[in-house]
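The block underneath contains the structure these notes are about, expressed in structure tokens.
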Protein chains: 2
Amino acid sequence: LTPSQTRIGDVGEGELLRRLRARIPEVEGALVGVGDDAAVLEIDGPVVVTADGLVEGVHFQREWTPPSLLGRKALSVSLSDVAAMGGTGRYAVVSLSLPPELPVEWVDSLYDGLLERAAEVGVGLVGGNVARSRAAIVIDVTVLGQTVRPLLRSGARPGDLVVVTGTLGTAAEGVTLLQQGARLDEEGALSATGVWTDSSSESVEACLRAQLDPRPPLALARSLAERDLARAGMDLSDGLSSDLAELCRQSGLGARVEARSLPVSPAMASLERARGGEAVLVALHGGEDYELLLAVDPADFGALEELARVWGVTVTAIGEFLEGEPGVRVRDEEGERPLPPAGHDHFRIGEPEGQGE
Amino acid sequence: LTPSQTRIGDVGEGELLRRLRARIPEVEGALVGVGDDAAVLEIDGPVVVTADGLVEGVHFQREWTPPSLLGRKALSVSLSDVAAMGGTGRYAVVSLSLPPELPVEWVDSLYDGLLERAAEVGVGLVGGNVARSRAAIVIDVTVLGQTVRPLLRSGARPGDLVVVTGTLGTAAEGVTLLQQGARLDEEGALSATGVWTDSSSESVEACLRAQLDPRPPLALARSLAERDLARAGMDLSDGLSSDLAELCRQSGLGARVEARSLPVSPAMASLERARGGEAVLVALHGGEDYELLLAVDPADFGALEELARVWGVTVTAIGEFLEGEPGVRVRDEEGERPLPPAGHDHFRIGEPEGQGE
């Protein structure tokens, strides 16, 4: 707390709510927005809804997360779920649990990020709730949207390609860098490289950004679902090995991944190489990339590539879904072997607390 | 942890989610329910949405709250907001933050209560999320519903009656009783009277139930809104003095409450009398009754009384909205004076941590 800052405990719940609400712009389609018992919204067709949360000490550390980026990320992770359903996010409801010693200015910055990100993606903030917490900050964001054609996890068929968007392992590398002292500032610019020299700064910045300010391919997701270019899909939040196992389980199939086909993040790979790590392992198991994992009919892959190009996103076929027992195998130059789901499970006692989800 | 119990940290996030999801019944109107990236729902007309949360150590204490009742309450408090909007809750999304040492059986019981309450009120569970928390349990419930005619906080006019449903102060008395060792068991039956003798057991049980298992007047709320029998409304969660001040602020009016008209909870009053407390103060400031606070045209009050009788709810006119500066006054045998909003504000540093909201 600097001398110019005020704790939210000095302001009180009612005043904090009024302060936050005063900054929320009017939302098109909201018959009733923030400030009443509930919001009342116009939505065409079926309603897509999801809730996701970020918990301090589990999904983020306060000292290495600028609040404005945290606000952006809290919205992005819920939007990623809506997109993975082939939907378009339209409205968001934000529940905050905040310790009373937190400076009001911190919450203001969180809202700056939330509102900035909401404006970027055309989502309106229509409700919120603040509750006192004893110690940890918890940010739960519910997003409501609409969908033309829901993209399920259960629709993959044998012979479908396993496809991912973007690159893998960037966000997981970001956590390692944060633990080593690298930092972004409130504007998302690199402010410290930690143990790294300036020559790596571009890679460091890319990985930190992927971790602190993920940008799921929202438009591509919606657009490929509308065009029916994937048979199944989900977002990559826990890590490829865990998420693909889940898609296989829900589709009742197995899958084989070709290690050489993985779109390993170049920024991550260069840093892993420098520290003697294994980039492929980070790509296979690292979480929080918030890319899409899809099951695509080989006959549709060309059309998907073309569509992805329009949206400035890369898509890569990394393997194939297979008839048989659910479960994922990986093939590299040493042969083929089972790929156990080794994405981070926050709950496992004994695992280090970290980030993931 | 008893020898037969398992910690959720031993089970892991994926397994816990599957275990919970397996118990959730199919939901009518849900095109996609639990288990995918997001739910996809059919809702007729405008969508009502609200999120509310219960934080351990702030809104409840683990040692005095049976988890099944907590599950019931978590849903009820969000339903109360939907009802106060004149809406009907249809779907719920539950976000849990749970410490890994918590027994899985505790979470099972929480879900027992949630699902039981959901079935009672015709709400379907369509989504959920579990996150690890470091220490405190946080339960956020988002409810989606529909509404014919939204009941706002801003519609009161001078001359409207200030009306409340049910009785006041019961739930606040429940907190005092819990602090004194009184308890309900998992089934909601009285298991300990604390400092009280058996002769008070009915009153003790009534107050504990109001606190641990509130029953907002959902059907009356929806039905009076449909019939346009209130000009404004909200639910009583922070306490009459705070909530009426908020209704006045949003309607740009003042209000005067007649102390002798207050529907003071008889159960609370008998216990307060026995301990030398002031029942009227508890009725004016005590939170969490989850009753309705309404602004009613005097010409409509008869029809409202009749409708309330149909639903087995009492309604009481306790004062009047007045032209002029927003603010609440109270009149008793000693005259008229301002009634400052003294409901509990969880955030105020210096206030004891307790319950309220």
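Each chain in the structure tokens gets a letter, A, B and so on, in the order shown; residues start at 1 in every chain, and ligands are counted from 1 in the order they appear.
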Closest atom pairs, segment 201-304 of chain A residues within 10 Å of segment 82-92 of chain A, only C-alpha atoms, as a tab-separated table:
residue	atom	partner	partner_atom	distance
A:Pro216	CA	A:Ala83	CA	8.1
A:Pro217	CA	A:Ala83	CA	7.8
A:Leu218	CA	A:Ala83	CA	5.4
A:Ala219	CA	A:Ala83	CA	7.8
A:Leu220	CA	A:Ala83	CA	8.5
A:Ala221	CA	A:Ala83	CA	5.4
A:Arg222	CA	A:Gly86	CA	4.5
A:Ser223	CA	A:Gly86	CA	7.5
A:Leu224	CA	A:Gly86	CA	7.6
A:Ala225	CA	A:Gly86	CA	5.0
A:Glu226	CA	A:Gly86	CA	7.2
A:Asp228	CA	A:Gly86	CA	9.5
A:Ala230	CA	A:Gly86	CA	9.9
A:Ala232	CA	A:Met85	CA	9.2
A:Gly233	CA	A:Ala84	CA	6.2
A:Met234	CA	A:Ala84	CA	4.9
A:Asp235	CA	A:Ala84	CA	5.5
A:Leu236	CA	A:Ala84	CA	9.2
A:Tyr290	CA	A:Ala84	CA	9.5
A:Glu291	CA	A:Ala84	CA	9.0
A:Leu292	CA	A:Ala84	CA	6.7
A:Leu293	CA	A:Ala84	CA	8.5
A:Leu294	CA	A:Ala84	CA	9.2
>> With only C-alpha atoms as the counted atoms, please give the residues lying no more than 12 Å from Ala22 of chain B, apart from itself and same-chain residues fewer than 4 positions off, as an NGL selection string.
In response: :B and (15-18 or 26 or 33-35 or 108 or 111 or 125)
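Of the listed residues (A:Val310, A:Ala182, A:Ala172, A:Met268), A:Ala172 comes nearest to His285 of chain A; the distances count only C-alpha atoms.
Interatomic distance, atom CA of Ser133 of chain B against atom CA of Ala342 of chain A: 20.6 Å.
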> If you run DSSP on the backbone, which residues of segment 132-264 of chain A are helix (DSSP H, G or I), as an MDAnalysis selection string?
Replying inline: chainID A and resid 170:179 198:212 218:226 240:251 259:261
>> Using DSSP secondary structure from the backbone, list all strand (DSSP E) positions within segment 107-302 of chain B, as a PyMOL selection string.
In response: chain B and resi 124-132+138-147+161-165+182-184+190-193+232-235+254-258+292-296
Go ahead and dump the residues you just picked, N, CA and C atoms, as a short mmCIF file (atom, residue, chain, number, x, y, z; two decimals), in the first residue's frame.
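Written file, out-v4.cif:
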data_model
loop_
_atom_site.label_atom_id
_atom_site.label_comp_id
_atom_site.auth_asym_id
_atom_site.auth_seq_id
_atom_site.Cartn_x
_atom_site.Cartn_y
_atom_site.Cartn_z
N GLY B 124 -32.23 -26.82 -13.19
CA GLY B 124 -31.31 -27.87 -13.62
C GLY B 124 -29.86 -27.43 -13.51
N LEU B 125 -28.99 -28.30 -13.00
CA LEU B 125 -27.55 -28.02 -12.96
C LEU B 125 -26.97 -28.31 -14.33
N VAL B 126 -26.38 -27.33 -14.96
CA VAL B 126 -25.90 -27.51 -16.33
C VAL B 126 -24.41 -27.27 -16.50
N GLY B 127 -23.74 -26.90 -15.43
CA GLY B 127 -22.32 -26.66 -15.61
C GLY B 127 -21.66 -26.48 -14.28
N GLY B 128 -20.36 -26.61 -14.32
CA GLY B 128 -19.65 -26.45 -13.08
C GLY B 128 -18.18 -26.39 -13.33
N ASN B 129 -17.48 -26.08 -12.33
CA ASN B 129 -16.07 -25.88 -12.43
C ASN B 129 -15.53 -26.11 -11.02
N VAL B 130 -14.45 -26.84 -10.90
CA VAL B 130 -13.81 -26.92 -9.59
C VAL B 130 -12.39 -26.42 -9.72
N ALA B 131 -11.99 -25.61 -8.77
CA ALA B 131 -10.62 -25.11 -8.75
C ALA B 131 -10.08 -25.37 -7.36
N ARG B 132 -8.79 -25.55 -7.28
CA ARG B 132 -8.16 -25.71 -5.98
C ARG B 132 -8.11 -24.36 -5.28
N VAL B 138 -14.94 -21.65 -1.49
CA VAL B 138 -15.77 -20.61 -2.12
C VAL B 138 -16.76 -21.30 -3.05
N ILE B 139 -18.03 -20.95 -2.92
CA ILE B 139 -19.08 -21.54 -3.75
C ILE B 139 -19.78 -20.42 -4.49
N ASP B 140 -19.59 -20.36 -5.79
CA ASP B 140 -20.25 -19.35 -6.61
C ASP B 140 -21.33 -20.04 -7.43
N VAL B 141 -22.54 -19.53 -7.36
CA VAL B 141 -23.61 -20.11 -8.15
C VAL B 141 -24.18 -19.04 -9.08
N THR B 142 -24.17 -19.34 -10.37
CA THR B 142 -24.81 -18.49 -11.36
C THR B 142 -26.14 -19.13 -11.72
N VAL B 143 -27.20 -18.35 -11.69
CA VAL B 143 -28.50 -18.87 -12.09
C VAL B 143 -28.97 -18.12 -13.32
N LEU B 144 -29.47 -18.87 -14.28
CA LEU B 144 -30.10 -18.29 -15.48
C LEU B 144 -31.58 -18.61 -15.44
N GLY B 145 -32.36 -17.66 -15.87
CA GLY B 145 -33.79 -17.88 -15.87
C GLY B 145 -34.47 -17.01 -16.90
N GLN B 146 -35.76 -16.92 -16.77
CA GLN B 146 -36.49 -16.08 -17.71
C GLN B 146 -37.43 -15.17 -16.93
N THR B 147 -37.89 -14.13 -17.59
CA THR B 147 -38.78 -13.19 -16.92
C THR B 147 -39.79 -12.65 -17.90
N LEU B 161 -46.31 2.18 -0.82
CA LEU B 161 -46.06 1.54 0.46
C LEU B 161 -44.73 0.79 0.43
N VAL B 162 -44.02 0.84 1.55
CA VAL B 162 -42.86 -0.03 1.75
C VAL B 162 -43.40 -1.35 2.29
N VAL B 163 -43.18 -2.41 1.54
CA VAL B 163 -43.77 -3.71 1.90
C VAL B 163 -42.66 -4.75 2.01
N VAL B 164 -42.77 -5.60 3.02
CA VAL B 164 -41.84 -6.74 3.12
C VAL B 164 -42.65 -8.03 3.23
N THR B 165 -42.04 -9.11 2.75
CA THR B 165 -42.66 -10.43 2.92
C THR B 165 -42.09 -11.08 4.18
N ALA B 182 -25.49 -23.60 19.12
CA ALA B 182 -26.67 -24.31 18.60
C ALA B 182 -26.35 -24.84 17.20
N ARG B 183 -26.92 -25.98 16.85
CA ARG B 183 -26.57 -26.63 15.58
C ARG B 183 -27.76 -27.35 14.95
N LEU B 184 -27.76 -27.40 13.62
CA LEU B 184 -28.63 -28.30 12.87
C LEU B 184 -27.77 -29.45 12.34
N LEU B 190 -32.71 -30.03 14.47
CA LEU B 190 -31.96 -29.46 15.58
C LEU B 190 -31.12 -30.54 16.26
N SER B 191 -29.81 -30.33 16.37
CA SER B 191 -28.98 -31.34 17.02
C SER B 191 -28.33 -30.81 18.29
N ALA B 192 -28.32 -29.49 18.49
CA ALA B 192 -27.79 -28.92 19.73
C ALA B 192 -28.44 -27.55 19.94
N THR B 193 -28.82 -27.25 21.18
CA THR B 193 -29.45 -25.96 21.45
C THR B 193 -28.45 -24.94 21.99
N ALA B 232 -41.46 -1.51 -7.59
CA ALA B 232 -40.02 -1.75 -7.45
C ALA B 232 -39.83 -2.87 -6.45
N GLY B 233 -38.68 -3.51 -6.51
CA GLY B 233 -38.42 -4.58 -5.55
C GLY B 233 -36.98 -5.02 -5.56
N MET B 234 -36.58 -5.63 -4.46
CA MET B 234 -35.27 -6.26 -4.35
C MET B 234 -35.36 -7.29 -3.23
N ASP B 235 -34.32 -8.10 -3.08
CA ASP B 235 -34.39 -9.04 -1.97
C ASP B 235 -33.66 -8.47 -0.75
N GLY B 254 -37.01 9.21 -0.63
CA GLY B 254 -36.80 8.84 0.76
C GLY B 254 -37.86 7.83 1.17
N ALA B 255 -37.79 7.40 2.43
CA ALA B 255 -38.82 6.48 2.94
C ALA B 255 -38.89 6.62 4.45
N ARG B 256 -40.10 6.37 4.99
CA ARG B 256 -40.26 6.36 6.44
C ARG B 256 -40.83 5.00 6.84
N VAL B 257 -40.19 4.39 7.82
CA VAL B 257 -40.61 3.08 8.32
C VAL B 257 -41.26 3.29 9.69
N GLU B 258 -42.40 2.60 9.92
CA GLU B 258 -43.05 2.64 11.24
C GLU B 258 -42.56 1.44 12.05
N LEU B 292 -38.61 -10.42 0.41
CA LEU B 292 -38.70 -9.37 -0.60
C LEU B 292 -38.97 -8.03 0.05
N LEU B 293 -38.37 -6.99 -0.52
CA LEU B 293 -38.67 -5.61 -0.15
C LEU B 293 -39.30 -4.98 -1.38
N LEU B 294 -40.51 -4.44 -1.22
CA LEU B 294 -41.26 -3.98 -2.40
C LEU B 294 -41.76 -2.55 -2.23
N ALA B 295 -41.93 -1.87 -3.35
CA ALA B 295 -42.66 -0.60 -3.38
C ALA B 295 -44.00 -0.89 -4.05
N VAL B 296 -45.10 -0.68 -3.30
CA VAL B 296 -46.41 -1.09 -3.79
C VAL B 296 -47.37 0.09 -3.79
#
Within 10 Å of Pro66 of chain B, counting only C-alpha atoms, which residues qualify if same-chain residues fewer than 6 places away don't, as a PDB file with N, CA, C and O atoms, in the first residue's frame?
ATOM      1  N   TRP B 106     -17.478 -34.658   1.817  1.00  0.00           N
ATOM      2  CA  TRP B 106     -18.000 -33.326   2.095  1.00  0.00           C
ATOM      3  C   TRP B 106     -18.580 -32.729   0.808  1.00  0.00           C
ATOM      4  O   TRP B 106     -19.670 -32.162   0.803  1.00  0.00           O
ATOM      5  N   SER B 109     -21.835 -34.355  -0.121  1.00  0.00           N
ATOM      6  CA  SER B 109     -22.964 -33.830   0.654  1.00  0.00           C
ATOM      7  C   SER B 109     -23.400 -32.461   0.149  1.00  0.00           C
ATOM      8  O   SER B 109     -24.591 -32.167   0.079  1.00  0.00           O
ATOM      9  N   LEU B 110     -22.417 -31.618  -0.174  1.00  0.00           N
ATOM     10  CA  LEU B 110     -22.749 -30.308  -0.734  1.00  0.00           C
ATOM     11  C   LEU B 110     -23.618 -30.485  -1.978  1.00  0.00           C
ATOM     12  O   LEU B 110     -24.634 -29.801  -2.160  1.00  0.00           O
ATOM     13  N   GLY B 113     -27.223 -31.541  -1.294  1.00  0.00           N
ATOM     14  CA  GLY B 113     -28.085 -30.399  -0.965  1.00  0.00           C
ATOM     15  C   GLY B 113     -28.423 -29.568  -2.183  1.00  0.00           C
ATOM     16  O   GLY B 113     -29.575 -29.178  -2.389  1.00  0.00           O
ATOM     17  N   ARG B 183     -26.922 -25.978  16.850  1.00  0.00           N
ATOM     18  CA  ARG B 183     -26.574 -26.632  15.575  1.00  0.00           C
ATOM     19  C   ARG B 183     -27.765 -27.354  14.953  1.00  0.00           C
ATOM     20  O   ARG B 183     -28.624 -27.895  15.649  1.00  0.00           O
ATOM     21  N   LEU B 184     -27.758 -27.400  13.618  1.00  0.00           N
ATOM     22  CA  LEU B 184     -28.628 -28.304  12.868  1.00  0.00           C
ATOM     23  C   LEU B 184     -27.770 -29.447  12.342  1.00  0.00           C
ATOM     24  O   LEU B 184     -26.579 -29.273  12.093  1.00  0.00           O
ATOM     25  N   ASP B 185     -28.400 -30.611  12.131  1.00  0.00           N
ATOM     26  CA  ASP B 185     -27.661 -31.708  11.517  1.00  0.00           C
ATOM     27  C   ASP B 185     -27.841 -31.685   9.996  1.00  0.00           C
ATOM     28  O   ASP B 185     -28.472 -30.778   9.451  1.00  0.00           O
ATOM     29  N   GLU B 186     -27.276 -32.678   9.336  1.00  0.00           N
ATOM     30  CA  GLU B 186     -27.308 -32.750   7.862  1.00  0.00           C
ATOM     31  C   GLU B 186     -28.731 -32.706   7.298  1.00  0.00           C
ATOM     32  O   GLU B 186     -28.946 -32.266   6.175  1.00  0.00           O
ATOM     33  N   GLU B 187     -29.693 -33.236   8.078  1.00  0.00           N
ATOM     34  CA  GLU B 187     -31.072 -33.258   7.589  1.00  0.00           C
ATOM     35  C   GLU B 187     -31.821 -31.973   7.942  1.00  0.00           C
ATOM     36  O   GLU B 187     -33.027 -31.865   7.688  1.00  0.00           O
ATOM     37  N   GLY B 188     -31.138 -31.029   8.577  1.00  0.00           N
ATOM     38  CA  GLY B 188     -31.791 -29.783   8.941  1.00  0.00           C
ATOM     39  C   GLY B 188     -32.563 -29.883  10.246  1.00  0.00           C
ATOM     40  O   GLY B 188     -33.354 -29.001  10.569  1.00  0.00           O
ATOM     41  N   LEU B 212     -29.477 -21.145   7.902  1.00  0.00           N
ATOM     42  CA  LEU B 212     -28.731 -22.194   7.189  1.00  0.00           C
ATOM     43  C   LEU B 212     -29.457 -22.705   5.956  1.00  0.00           C
ATOM     44  O   LEU B 212     -28.836 -23.303   5.070  1.00  0.00           O
TER      45      LEU B 212
END
